[in-house]
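I have placed the structure first, in the form of structure tokens, so that the comments after it can refer back to it.
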Amino acid sequence: VHGVYDRVQFRDWTIKHLSDHFVRPTLGAFAVRSPLSPIIPTAVIAAPTAIGICDELVVSGAASYGNGGRPLQWKWISSVSAFNNSIQESIVLDSDTLSSGTHQVQLTVTNWLGRSHTTTTSITKKPSIVPAVVIDGP
């Protein structure tokens with residue numbers, strides 16, 4: 001079964017009730033339905049709010065959740081054409097791909113039950129160097 005509304009076909013002589021000692025003839029098929037309370041995914045974008053003129057941009061949707069036990073489907077949309085219709089969990093763009101200014105990045109995640117969620121973030125590419133701060137701790 002790959003998704004909601006897929007059909008499951010029983011093979012004959014394959015189903016047995018727990019209290020039975022014998023396998024009974026089995027016929028039929030059914031369509032898998034969505035649960036009464038389906039899991040709804042939540043899209044999460046991990047990205048810097050600003051990058052410098054020479055910085056690469058790393059944007060990730062890996063923290064998204066609500067997959068229902070199966071991989072999520074990813075769809076990115078942005079004013080930056082390199083993002084559009086990408087289905088990768090994360091995207092890395094070199095410094096030449098992104099022009100200076102503020103860019104909107106949108107991520108939609110969909111789980112195998114057909115439920116989706118969309119979130120958007122803004123990333124600004126500065127025309128100068130943006131200092132990086134690292135806290136070195138235990």
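Chain lettering (A, B, ...) mirrors the order of the structure tokens, residue numbering begins at 1 for each chain separately, and ligand numbering begins at 1 in order of display.
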
Just the residues within 8 Å of Thr118 (chain A), please, counting only C-alpha atoms, with nothing from its chain fewer than 4 positions along; format it as a list of chain:residue names. A:Thr42, A:Ala43, A:Gln106, A:Leu107, A:Thr108, A:Val109

For Cys54 (chain A), please output as a PyMOL selection string all residues within 8 Å (counting only C-alpha atoms; exclusion window: fewer than 3 positions along the same chain). chain A and resi 95-96+129

Tell me which of A:Ile77, A:Ala82, A:Val134, A:Ile39 sits closest to Thr119 (chain A), counting only C-alpha atoms. A:Ile77

Each region 68-117 of chain A residue no farther than 7 Å from region 57-63 of chain A, nearest pair in Å, only C-alpha atoms, as a tab-separated table:
residue	atom	partner	partner_atom	distance
A:Glu89	CA	A:Gly61	CA	5.4
A:Ser90	CA	A:Ser60	CA	4.1
A:Ile91	CA	A:Val59	CA	5.3
A:Val92	CA	A:Val58	CA	4.5
A:Leu93	CA	A:Leu57	CA	5.1
A:Asp94	CA	A:Leu57	CA	6.4

Write out as a PyMOL selection string all residues of region 22-96 of chain A that DSSP puts in strand (DSSP E) for this structure's backbone. chain A and resi 29-31+50-51+57-60+73-78+90-93

Selection to disk with all heavy atoms, as a compact mmCIF listing (two decimals), in the first residue's frame:
# COMPACT_ATOMS: atom_id res chain seq x y z
N ALA A 29 -11.35 -7.48 -1.73
CA ALA A 29 -10.38 -6.38 -1.75
C ALA A 29 -11.05 -5.18 -1.09
O ALA A 29 -12.27 -5.13 -0.95
CB ALA A 29 -9.98 -6.05 -3.18
N PHE A 30 -10.25 -4.24 -0.67
CA PHE A 30 -10.80 -3.01 -0.13
C PHE A 30 -9.84 -1.86 -0.43
O PHE A 30 -8.66 -2.07 -0.69
CB PHE A 30 -11.06 -3.11 1.38
CG PHE A 30 -9.82 -3.24 2.22
CD1 PHE A 30 -9.21 -2.11 2.76
CD2 PHE A 30 -9.26 -4.48 2.47
CE1 PHE A 30 -8.07 -2.22 3.52
CE2 PHE A 30 -8.12 -4.60 3.25
CZ PHE A 30 -7.52 -3.47 3.77
N ALA A 31 -10.38 -0.65 -0.40
CA ALA A 31 -9.56 0.55 -0.61
C ALA A 31 -9.12 1.06 0.75
O ALA A 31 -9.90 1.12 1.69
CB ALA A 31 -10.35 1.62 -1.34
N ALA A 50 19.69 36.39 7.02
CA ALA A 50 20.54 37.22 6.16
C ALA A 50 21.83 36.48 5.83
O ALA A 50 22.34 35.72 6.66
CB ALA A 50 20.86 38.54 6.85
N ILE A 51 22.32 36.70 4.61
CA ILE A 51 23.62 36.16 4.21
C ILE A 51 24.42 37.28 3.56
O ILE A 51 23.85 38.26 3.07
CB ILE A 51 23.50 34.94 3.26
CG1 ILE A 51 22.78 35.32 1.96
CG2 ILE A 51 22.81 33.78 3.95
CD1 ILE A 51 22.84 34.24 0.90
N LEU A 57 23.93 29.83 0.29
CA LEU A 57 22.67 29.75 1.03
C LEU A 57 22.31 28.29 1.20
O LEU A 57 22.22 27.55 0.23
CB LEU A 57 21.55 30.49 0.28
CG LEU A 57 20.15 30.34 0.88
CD1 LEU A 57 20.08 30.94 2.28
CD2 LEU A 57 19.12 30.99 -0.03
N VAL A 58 22.09 27.89 2.45
CA VAL A 58 21.64 26.53 2.77
C VAL A 58 20.26 26.66 3.41
O VAL A 58 20.11 27.32 4.44
CB VAL A 58 22.62 25.81 3.72
CG1 VAL A 58 22.09 24.42 4.05
CG2 VAL A 58 24.01 25.74 3.12
N VAL A 59 19.27 26.05 2.79
CA VAL A 59 17.89 26.06 3.28
C VAL A 59 17.45 24.62 3.43
O VAL A 59 17.61 23.81 2.52
CB VAL A 59 16.97 26.81 2.29
CG1 VAL A 59 15.54 26.82 2.77
CG2 VAL A 59 17.46 28.23 2.08
N SER A 60 16.88 24.31 4.60
CA SER A 60 16.51 22.92 4.88
C SER A 60 15.08 22.81 5.41
O SER A 60 14.63 23.64 6.19
CB SER A 60 17.47 22.32 5.91
OG SER A 60 17.07 21.01 6.26
N GLN A 73 6.77 14.50 1.20
CA GLN A 73 7.05 15.04 -0.13
C GLN A 73 7.30 16.53 0.06
O GLN A 73 6.59 17.20 0.81
CB GLN A 73 5.87 14.83 -1.07
CG GLN A 73 5.59 13.38 -1.36
CD GLN A 73 4.32 13.22 -2.19
OE1 GLN A 73 3.71 14.19 -2.64
NE2 GLN A 73 3.91 11.99 -2.38
N TRP A 74 8.32 17.06 -0.63
CA TRP A 74 8.75 18.44 -0.48
C TRP A 74 8.48 19.21 -1.77
O TRP A 74 8.71 18.69 -2.84
CB TRP A 74 10.25 18.50 -0.21
CG TRP A 74 10.71 17.49 0.78
CD1 TRP A 74 11.07 16.19 0.51
CD2 TRP A 74 10.81 17.63 2.18
NE1 TRP A 74 11.39 15.54 1.67
CE2 TRP A 74 11.26 16.41 2.71
CE3 TRP A 74 10.60 18.70 3.04
CZ2 TRP A 74 11.47 16.21 4.05
CZ3 TRP A 74 10.81 18.49 4.39
CH2 TRP A 74 11.25 17.27 4.88
N LYS A 75 8.06 20.47 -1.64
CA LYS A 75 7.93 21.33 -2.81
C LYS A 75 8.31 22.75 -2.40
O LYS A 75 7.68 23.34 -1.52
CB LYS A 75 6.53 21.30 -3.39
CG LYS A 75 6.42 22.13 -4.66
CD LYS A 75 5.07 22.00 -5.31
CE LYS A 75 5.05 22.82 -6.59
NZ LYS A 75 3.74 22.82 -7.21
N TRP A 76 9.35 23.27 -3.04
CA TRP A 76 9.85 24.61 -2.77
C TRP A 76 9.41 25.56 -3.88
O TRP A 76 9.41 25.20 -5.04
CB TRP A 76 11.37 24.61 -2.72
CG TRP A 76 11.96 23.79 -1.62
CD1 TRP A 76 12.30 22.47 -1.68
CD2 TRP A 76 12.29 24.22 -0.30
NE1 TRP A 76 12.82 22.06 -0.48
CE2 TRP A 76 12.83 23.12 0.38
CE3 TRP A 76 12.19 25.45 0.37
CZ2 TRP A 76 13.27 23.20 1.70
CZ3 TRP A 76 12.62 25.52 1.68
CH2 TRP A 76 13.15 24.41 2.34
N ILE A 77 9.06 26.80 -3.50
CA ILE A 77 8.73 27.84 -4.47
C ILE A 77 9.38 29.14 -3.96
O ILE A 77 9.37 29.42 -2.76
CB ILE A 77 7.21 28.03 -4.61
CG1 ILE A 77 6.57 26.76 -5.17
CG2 ILE A 77 6.88 29.23 -5.48
CD1 ILE A 77 5.07 26.80 -5.25
N SER A 78 9.93 29.91 -4.89
CA SER A 78 10.59 31.16 -4.52
C SER A 78 10.72 32.06 -5.73
O SER A 78 10.56 31.63 -6.87
CB SER A 78 11.98 30.85 -3.96
OG SER A 78 12.69 32.04 -3.71
N SER A 90 16.53 19.56 1.23
CA SER A 90 17.38 20.73 1.46
C SER A 90 17.90 21.26 0.13
O SER A 90 18.05 20.50 -0.83
CB SER A 90 18.56 20.38 2.35
OG SER A 90 18.12 19.95 3.61
N ILE A 91 18.21 22.55 0.11
CA ILE A 91 18.74 23.18 -1.10
C ILE A 91 19.96 24.01 -0.72
O ILE A 91 19.95 24.72 0.30
CB ILE A 91 17.67 24.08 -1.76
CG1 ILE A 91 16.49 23.24 -2.21
CG2 ILE A 91 18.26 24.87 -2.92
CD1 ILE A 91 15.34 24.04 -2.76
N VAL A 92 21.00 23.91 -1.53
CA VAL A 92 22.21 24.71 -1.34
C VAL A 92 22.43 25.50 -2.62
O VAL A 92 22.48 24.93 -3.71
CB VAL A 92 23.44 23.81 -1.05
CG1 VAL A 92 24.69 24.67 -0.90
CG2 VAL A 92 23.21 22.95 0.18
N LEU A 93 22.54 26.83 -2.47
CA LEU A 93 22.79 27.71 -3.62
C LEU A 93 24.11 28.43 -3.41
O LEU A 93 24.37 28.96 -2.32
CB LEU A 93 21.68 28.75 -3.75
CG LEU A 93 20.25 28.23 -3.96
CD1 LEU A 93 19.29 29.40 -4.04
CD2 LEU A 93 20.16 27.39 -5.20

Selection: 12 Å around Ser99 (chain A), only C-alpha atoms, excl. self and same-chain fewer than 6 positions, as number ranges by chain: A: 51-57, 79-82, 93, 123-127

Dump N, CA and C atoms for the selected residues as a PDB file, in the first residue's frame?
ATOM      1  N   ILE A  51      22.322  36.695   4.612  1.00  0.00           N
ATOM      2  CA  ILE A  51      23.621  36.159   4.214  1.00  0.00           C
ATOM      3  C   ILE A  51      24.416  37.277   3.558  1.00  0.00           C
ATOM      4  N   GLY A  52      25.741  37.101   3.538  1.00  0.00           N
ATOM      5  CA  GLY A  52      26.604  38.098   2.935  1.00  0.00           C
ATOM      6  C   GLY A  52      26.770  37.891   1.444  1.00  0.00           C
ATOM      7  N   ILE A  53      27.435  38.832   0.826  1.00  0.00           N
ATOM      8  CA  ILE A  53      27.597  38.835  -0.622  1.00  0.00           C
ATOM      9  C   ILE A  53      28.324  37.602  -1.156  1.00  0.00           C
ATOM     10  N   CYS A  54      29.206  36.999  -0.365  1.00  0.00           N
ATOM     11  CA  CYS A  54      29.987  35.843  -0.828  1.00  0.00           C
ATOM     12  C   CYS A  54      29.511  34.524  -0.221  1.00  0.00           C
ATOM     13  N   ASP A  55      28.444  34.553   0.570  1.00  0.00           N
ATOM     14  CA  ASP A  55      27.986  33.349   1.276  1.00  0.00           C
ATOM     15  C   ASP A  55      27.095  32.471   0.400  1.00  0.00           C
ATOM     16  N   GLU A  56      27.251  31.148   0.591  1.00  0.00           N
ATOM     17  CA  GLU A  56      26.282  30.252  -0.027  1.00  0.00           C
ATOM     18  C   GLU A  56      25.045  30.220   0.861  1.00  0.00           C
ATOM     19  N   LEU A  57      23.930  29.834   0.286  1.00  0.00           N
ATOM     20  CA  LEU A  57      22.670  29.754   1.032  1.00  0.00           C
ATOM     21  C   LEU A  57      22.306  28.294   1.205  1.00  0.00           C
ATOM     22  N   SER A  79      11.069  33.321  -5.462  1.00  0.00           N
ATOM     23  CA  SER A  79      11.409  34.237  -6.541  1.00  0.00           C
ATOM     24  C   SER A  79      12.754  33.856  -7.155  1.00  0.00           C
ATOM     25  N   VAL A  80      13.501  33.012  -6.457  1.00  0.00           N
ATOM     26  CA  VAL A  80      14.780  32.493  -6.962  1.00  0.00           C
ATOM     27  C   VAL A  80      14.467  31.225  -7.745  1.00  0.00           C
ATOM     28  N   SER A  81      14.664  31.259  -9.052  1.00  0.00           N
ATOM     29  CA  SER A  81      14.239  30.152  -9.911  1.00  0.00           C
ATOM     30  C   SER A  81      14.867  28.814  -9.547  1.00  0.00           C
ATOM     31  N   ALA A  82      16.040  28.809  -8.923  1.00  0.00           N
ATOM     32  CA  ALA A  82      16.690  27.544  -8.545  1.00  0.00           C
ATOM     33  C   ALA A  82      15.861  26.754  -7.531  1.00  0.00           C
ATOM     34  N   LEU A  93      22.542  26.834  -2.473  1.00  0.00           N
ATOM     35  CA  LEU A  93      22.787  27.708  -3.620  1.00  0.00           C
ATOM     36  C   LEU A  93      24.108  28.426  -3.408  1.00  0.00           C
ATOM     37  N   ILE A 123      14.613  35.714   3.289  1.00  0.00           N
ATOM     38  CA  ILE A 123      16.065  35.675   3.375  1.00  0.00           C
ATOM     39  C   ILE A 123      16.587  36.899   2.633  1.00  0.00           C
ATOM     40  N   THR A 124      17.461  37.641   3.294  1.00  0.00           N
ATOM     41  CA  THR A 124      18.028  38.834   2.679  1.00  0.00           C
ATOM     42  C   THR A 124      19.500  38.598   2.363  1.00  0.00           C
ATOM     43  N   LYS A 125      19.865  38.824   1.106  1.00  0.00           N
ATOM     44  CA  LYS A 125      21.273  38.791   0.718  1.00  0.00           C
ATOM     45  C   LYS A 125      21.772  40.232   0.747  1.00  0.00           C
ATOM     46  N   LYS A 126      22.716  40.468   1.650  1.00  0.00           N
ATOM     47  CA  LYS A 126      23.271  41.813   1.837  1.00  0.00           C
ATOM     48  C   LYS A 126      24.339  42.080   0.776  1.00  0.00           C
ATOM     49  N   PRO A 127      24.533  43.331   0.388  1.00  0.00           N
ATOM     50  CA  PRO A 127      25.566  43.665  -0.597  1.00  0.00           C
ATOM     51  C   PRO A 127      26.958  43.759   0.035  1.00  0.00           C
TER      52      PRO A 127
END

Which of these, A:Leu113, A:Ala47, A:Val105, A:Val8, has the shortest distance to Ser34 (chain A) once you count only C-alpha atoms? A:Leu113
